[in-house]
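Shown next: query-v4.txt, containing compact mmCIF, C-alpha atoms.
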```
# COMPACT_ATOMS: atom_id res chain seq x y z
CA MET A 1 90.26 116.10 112.35
CA ASN A 2 90.21 113.98 109.20
CA ILE A 3 93.73 112.53 109.14
CA PHE A 4 93.66 111.64 105.43
CA LYS A 5 92.57 115.16 104.52
CA LYS A 6 95.38 116.63 106.64
CA ILE A 7 97.94 114.25 105.09
CA MET A 8 96.88 115.25 101.58
CA GLU A 9 97.02 118.97 102.45
CA TYR A 10 100.51 118.52 103.89
CA LEU A 11 101.72 116.55 100.87
CA ARG A 12 100.22 119.14 98.47
CA GLU A 13 102.25 121.85 100.20
CA ARG A 14 105.51 119.92 100.03
CA GLN A 15 105.46 117.65 96.97
CA LEU A 16 105.01 118.15 93.27
CA PRO A 17 101.87 116.41 91.95
CA MET A 18 103.81 113.67 90.14
CA VAL A 19 105.92 112.92 93.22
CA ARG A 20 102.83 112.92 95.44
CA TYR A 21 100.97 110.48 93.15
CA LEU A 22 103.98 108.18 92.88
CA HIS A 23 104.54 108.37 96.64
CA ILE A 24 100.95 107.41 97.43
CA THR A 25 100.89 104.69 94.75
CA ILE A 26 104.08 103.14 96.10
CA ILE A 27 102.80 103.25 99.69
CA ILE A 28 99.58 101.48 98.70
CA LEU A 29 101.35 98.89 96.54
CA VAL A 30 104.06 98.14 99.11
CA ILE A 31 101.56 97.73 101.94
CA SER A 32 99.43 95.48 99.71
CA GLN A 33 102.57 93.45 98.91
CA ILE A 34 103.30 92.99 102.62
CA ILE A 35 99.74 91.82 103.27
CA VAL A 36 99.57 89.53 100.23
CA SER A 37 102.94 87.96 101.10
CA ASN A 38 101.15 86.21 103.99
CA PHE A 39 99.15 84.26 101.41
CA MET A 40 102.07 82.98 99.35
CA GLY A 41 103.17 79.37 99.24
CA PHE A 42 105.63 77.07 97.52
CA THR A 43 106.07 73.32 97.44
CA SER A 44 109.28 71.70 98.69
CA ALA A 45 110.34 71.46 95.03
CA GLY A 46 110.08 75.26 94.72
CA ASP A 47 106.89 75.32 92.65
CA ILE A 48 103.97 77.58 93.49
CA SER A 49 101.61 75.84 95.88
CA PRO A 50 98.50 74.35 94.25
CA ASN A 51 96.45 75.54 97.24
CA THR A 52 94.01 78.08 95.78
CA ILE A 53 94.70 80.93 98.21
CA GLU A 54 98.48 80.42 98.08
CA PHE A 55 98.45 80.02 94.30
CA TYR A 56 96.60 83.30 93.70
CA GLY A 57 98.39 85.07 96.56
CA THR A 58 101.78 84.14 95.11
CA TRP A 59 100.91 85.25 91.59
CA LEU A 60 99.32 88.47 92.85
CA HIS A 61 102.51 89.22 94.81
CA ILE A 62 104.72 88.48 91.79
CA LEU A 63 102.65 90.52 89.34
CA THR A 64 102.25 93.45 91.71
CA GLY A 65 105.99 93.34 92.37
CA LEU A 66 106.72 93.51 88.66
CA PHE A 67 104.26 96.41 88.39
CA ILE A 68 106.00 98.31 91.21
CA ILE A 69 109.43 98.15 89.54
CA PRO A 70 108.96 100.89 86.91
CA ILE A 71 106.91 103.06 89.28
CA ALA A 72 109.56 102.89 91.99
CA PHE A 73 112.42 103.54 89.59
CA VAL A 74 110.65 106.61 88.17
CA PHE A 75 110.01 107.82 91.73
CA ILE A 76 113.64 107.29 92.79
CA ILE A 77 114.97 108.99 89.66
CA ILE A 78 112.64 112.00 90.07
CA GLU A 79 113.60 112.38 93.73
CA LEU A 80 117.34 112.14 93.00
CA LYS A 81 117.03 114.60 90.10
CA GLN A 82 114.98 117.01 92.20
CA HIS A 83 117.19 116.98 95.30
CA GLY A 84 120.42 115.25 94.35
CA PHE A 85 122.17 112.32 96.00
CA LYS A 86 123.81 114.50 98.67
CA TYR A 87 120.41 115.70 99.93
CA TYR A 88 119.52 112.17 101.06
CA PHE A 89 123.01 110.97 101.98
CA PRO A 90 124.92 114.08 103.17
CA TYR A 91 126.98 112.11 105.68
CA LEU A 92 128.70 110.26 102.82
CA SER A 93 130.34 113.54 101.80
CA GLY A 94 131.01 114.72 105.35
CA GLU A 95 128.07 117.17 105.45
CA VAL A 96 126.72 116.56 108.96
CA GLU A 97 126.01 120.05 110.34
CA GLN A 98 122.24 119.94 109.73
CA LEU A 99 122.08 116.40 111.10
CA LYS A 100 123.82 117.58 114.29
CA ASN A 101 121.34 120.47 114.58
CA ASP A 102 118.41 118.09 114.13
CA ILE A 103 119.77 115.66 116.72
CA ASN A 104 120.23 118.54 119.18
CA GLN A 105 116.59 119.52 118.56
CA LEU A 106 115.47 115.93 119.21
CA LEU A 107 117.53 115.79 122.43
CA LYS A 108 115.55 118.84 123.59
CA PHE A 109 112.34 116.92 122.76
CA LYS A 110 111.60 119.22 119.83
CA LEU A 111 110.73 117.89 116.42
CA PRO A 112 113.03 119.47 113.81
CA GLU A 113 111.54 120.88 110.64
CA PRO A 114 112.41 118.91 107.50
CA ASN A 115 115.54 120.52 106.03
CA ALA A 116 118.03 119.68 103.32
CA TYR A 117 120.73 117.35 104.68
CA GLY A 118 118.73 116.89 107.89
CA ILE A 119 117.44 113.83 109.64
CA ALA A 120 114.15 113.80 107.70
CA ALA A 121 115.99 113.86 104.36
CA ILE A 122 118.39 111.16 105.57
CA ILE A 123 115.49 108.96 106.66
CA GLN A 124 113.85 109.50 103.26
CA GLY A 125 117.14 108.48 101.65
CA LEU A 126 117.21 105.30 103.71
CA GLY A 127 113.66 104.60 102.54
CA LEU A 128 114.62 105.09 98.90
CA GLY A 129 117.58 102.78 99.45
CA ALA A 130 115.45 100.15 101.18
CA LEU A 131 112.85 100.34 98.39
CA PHE A 132 115.57 99.90 95.78
CA LEU A 133 117.08 96.90 97.63
CA VAL A 134 113.71 95.19 98.11
CA ILE A 135 112.85 95.64 94.44
CA LEU A 136 116.29 94.49 93.31
CA SER A 137 116.23 91.42 95.55
CA GLY A 138 112.65 90.59 94.54
CA LEU A 139 113.47 90.86 90.85
CA THR A 140 116.67 88.85 91.32
CA TRP A 141 114.73 86.16 93.18
CA PHE A 142 112.04 86.08 90.47
CA ILE A 143 114.65 85.64 87.72
CA ALA A 144 116.58 83.00 89.73
CA TRP A 145 113.35 81.16 90.60
CA ASN A 146 112.24 81.13 86.95
CA ALA A 147 115.66 79.88 85.89
CA ASN A 148 115.42 77.20 88.59
CA LEU A 149 118.78 78.25 90.03
CA SER A 150 119.93 76.49 93.18
CA TRP A 151 120.50 79.75 95.07
CA SER A 152 117.05 81.23 94.41
CA HIS A 153 115.89 80.26 97.92
CA ASP A 154 118.79 82.25 99.42
CA ILE A 155 117.77 85.32 97.41
CA LYS A 156 114.18 84.85 98.56
CA GLU A 157 115.36 84.90 102.19
CA ILE A 158 117.37 88.07 101.55
CA HIS A 159 114.27 89.61 99.94
CA GLU A 160 112.17 88.69 102.97
CA PHE A 161 114.78 90.19 105.33
CA LEU A 162 114.92 93.42 103.34
CA THR A 163 111.13 93.56 103.37
CA GLY A 164 111.39 93.69 107.16
CA LEU A 165 113.42 96.89 106.74
CA ILE A 166 110.67 98.34 104.55
CA GLN A 167 108.07 97.41 107.16
CA ALA A 168 110.08 99.15 109.90
CA TYR A 169 110.56 102.13 107.60
CA ILE A 170 106.85 102.40 106.81
CA ILE A 171 105.97 102.34 110.51
CA GLY A 172 108.69 104.82 111.54
CA HIS A 173 108.35 107.15 108.57
CA GLY A 174 104.56 106.99 108.73
CA CYS A 175 104.43 107.78 112.46
CA MET A 176 106.93 110.64 112.13
CA GLY A 177 105.03 111.96 109.11
CA ILE A 178 101.73 111.90 110.98
CA LEU A 179 103.38 113.63 113.96
CA HIS A 180 104.81 116.33 111.66
CA ILE A 181 101.43 116.79 110.00
CA TYR A 182 99.67 117.02 113.36
CA LEU A 183 102.13 119.61 114.69
CA HIS A 184 102.04 121.53 111.40
CA SER A 185 98.23 121.57 111.44
CA LYS A 186 98.22 122.64 115.08
CA SER A 187 100.66 125.51 114.42
CA LYS A 188 98.54 126.71 111.45
CA LYS A 189 95.48 126.86 113.72
CA ASN A 190 97.38 128.88 116.34
CA SER A 191 98.68 131.43 113.83
```

Structure rendered as structure tokens:
Amino acid sequence: MNIFKKIMEYLRERQLPMVRYLHITIIILVISQIIVSNFMGFTSAGDISPNTIEFYGTWLHILTGLFIIPIAFVFIIIELKQHGFKYYFPYLSGEVEQLKNDINQLLKFKLPEPNAYGIAAIIQGLGLGALFLVILSGLTWFIAWNANLSWSHDIKEIHEFLTGLIQAYIIGHGCMGILHIYLHSKSKKNS
């Protein structure tokens, strides 16, 4: 079973082409950002390290981050327009019935199908929120760092913490997505 082929088939069935392309682009760019962040460096004065790898790693991270901003905002706007805020955050308006149903399914060791207002939609909403916060904190840090503001290091630490949330999200969302795709593919074979 070619996992990438199965993932693309699954995404084609469930996402509009523009959303699918943005989704994949963001995944690739965010993962590359996480990897490249290991090659960033600054001097004690807050300047970019003159070390060749750290110098290029830092600038690659900054430029890629600036490139992600419009892509992520378009993605978030499209998703919110397509489904609405309540779809991703139903609990904020007291809509928890589908979430309860999904939790009951999980307690029976059954994977619930993705449904509006359900756990899958809520997790996607948390991912959109985490993406927004990481981008906002990264942009705020970049502006503060360029302006040589005394609190830019604090913003950088917040950005790094929020990036940890994105890493956890990518692992969790990715594993659940692959499990859904596997079970979906298996059920298609059996029918």

Given 8 Å of margin on each side, can you work out the centre and size in Å (one decimal) of an axis-aligned box holding every listed atom of range 54-65 of chain A, as AutoDock Vina command-line options?
```
--center_x 101.3 --center_y 86.7 --center_z 93.7 --size_x 25.4 --size_y 29.4 --size_z 24.7
```

What are the closest atom pairs, with distances in Å to one decimal, for each residue of range 76-158 of chain A lying within 12 Å of range 6-23 of chain A, using all atoms listed in the file, rows by chain and rising residue number, as CSV?
```
residue,atom,partner,partner_atom,distance
A:Ile76,CA,A:Val19,CA,9.6
A:Ile77,CA,A:Val19,CA,10.5
A:Ile78,CA,A:Val19,CA,7.5
A:Glu79,CA,A:Val19,CA,7.7
A:Leu80,CA,A:Val19,CA,11.4
A:Lys81,CA,A:Val19,CA,11.7
A:Gln82,CA,A:Val19,CA,10.0
A:His83,CA,A:Gln15,CA,11.9
A:Pro114,CA,A:Arg14,CA,10.2
A:Asn115,CA,A:Arg14,CA,11.7
A:Gln124,CA,A:His23,CA,11.5
A:Gly127,CA,A:His23,CA,11.5
A:Leu128,CA,A:His23,CA,10.8
A:Leu131,CA,A:His23,CA,11.7
```

* Asked: Got a sec: who's within 10 Å of Glu160 in chain A, counting only C-alpha atoms, leaving out chain neighbours fewer than 2 positions off, as JSON, numbers by chain?
  -> {"A": [34, 37, 134, 137, 138, 154, 155, 156, 157, 158, 162, 163, 164, 165, 166]}

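Take the candidates A:Phe4, A:Phe75, A:Trp141, A:Phe39 and check each one against Tyr56 in chain A using only C-alpha atoms; the shortest distance goes to A:Phe39.
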
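Taking only C-alpha atoms into account, Pro70 in chain A lies nearest to A:Thr25 out of the set A:Thr140, A:Thr25, A:Ser49, A:Ser185.
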
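Interatomic distance, CA of Ile3 in chain A against CA of Ile178 in chain A: 8.2 Å.
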
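Taking all atoms listed in the file into account, Gly57 in chain A lies nearest to A:Phe42 out of the set A:Phe42, A:Phe142, A:Phe109, A:Tyr91.
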
* Structure fact -> Separating CA of Gln33 in chain A from CA of Ile68 in chain A, to the nearest tenth of an Å, is a gap of 9.7 Å

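Separating CA of His153 in chain A from CA of Ile170 in chain A is a distance of 25.5 Å.
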
* Which neighbours of Tyr87 in chain A fall inside 7 Å, counting all atoms listed in the file, when residues of the same chain fewer than 3 positions from it are skipped, and could you give them as number ranges by chain? -> A: 83-84, 90, 116-117, 121

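Restricting the calculation to only C-alpha atoms, the smallest distance between Ile31 in chain A and any of A:His184, A:His61, A:Lys5, A:Lys100 is found for A:His61.
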
* May I have the protein, DNA and RNA residues with any atom at most 6 Å from the point (102.3, 82.0, 100.2), counting all atoms listed in the file, written as number ranges by chain? => A: 38-41, 54, 58

Expected file: the selected residues, C-alpha atoms, as a compact mmCIF listing (two decimals), keeping the file's coordinate frame:
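So selection.txt came out as:
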```
# COMPACT_ATOMS: atom_id res chain seq x y z
CA ASN A 38 101.15 86.21 103.99
CA PHE A 39 99.15 84.26 101.41
CA MET A 40 102.07 82.98 99.35
CA GLY A 41 103.17 79.37 99.24
CA GLU A 54 98.48 80.42 98.08
CA THR A 58 101.78 84.14 95.11
```
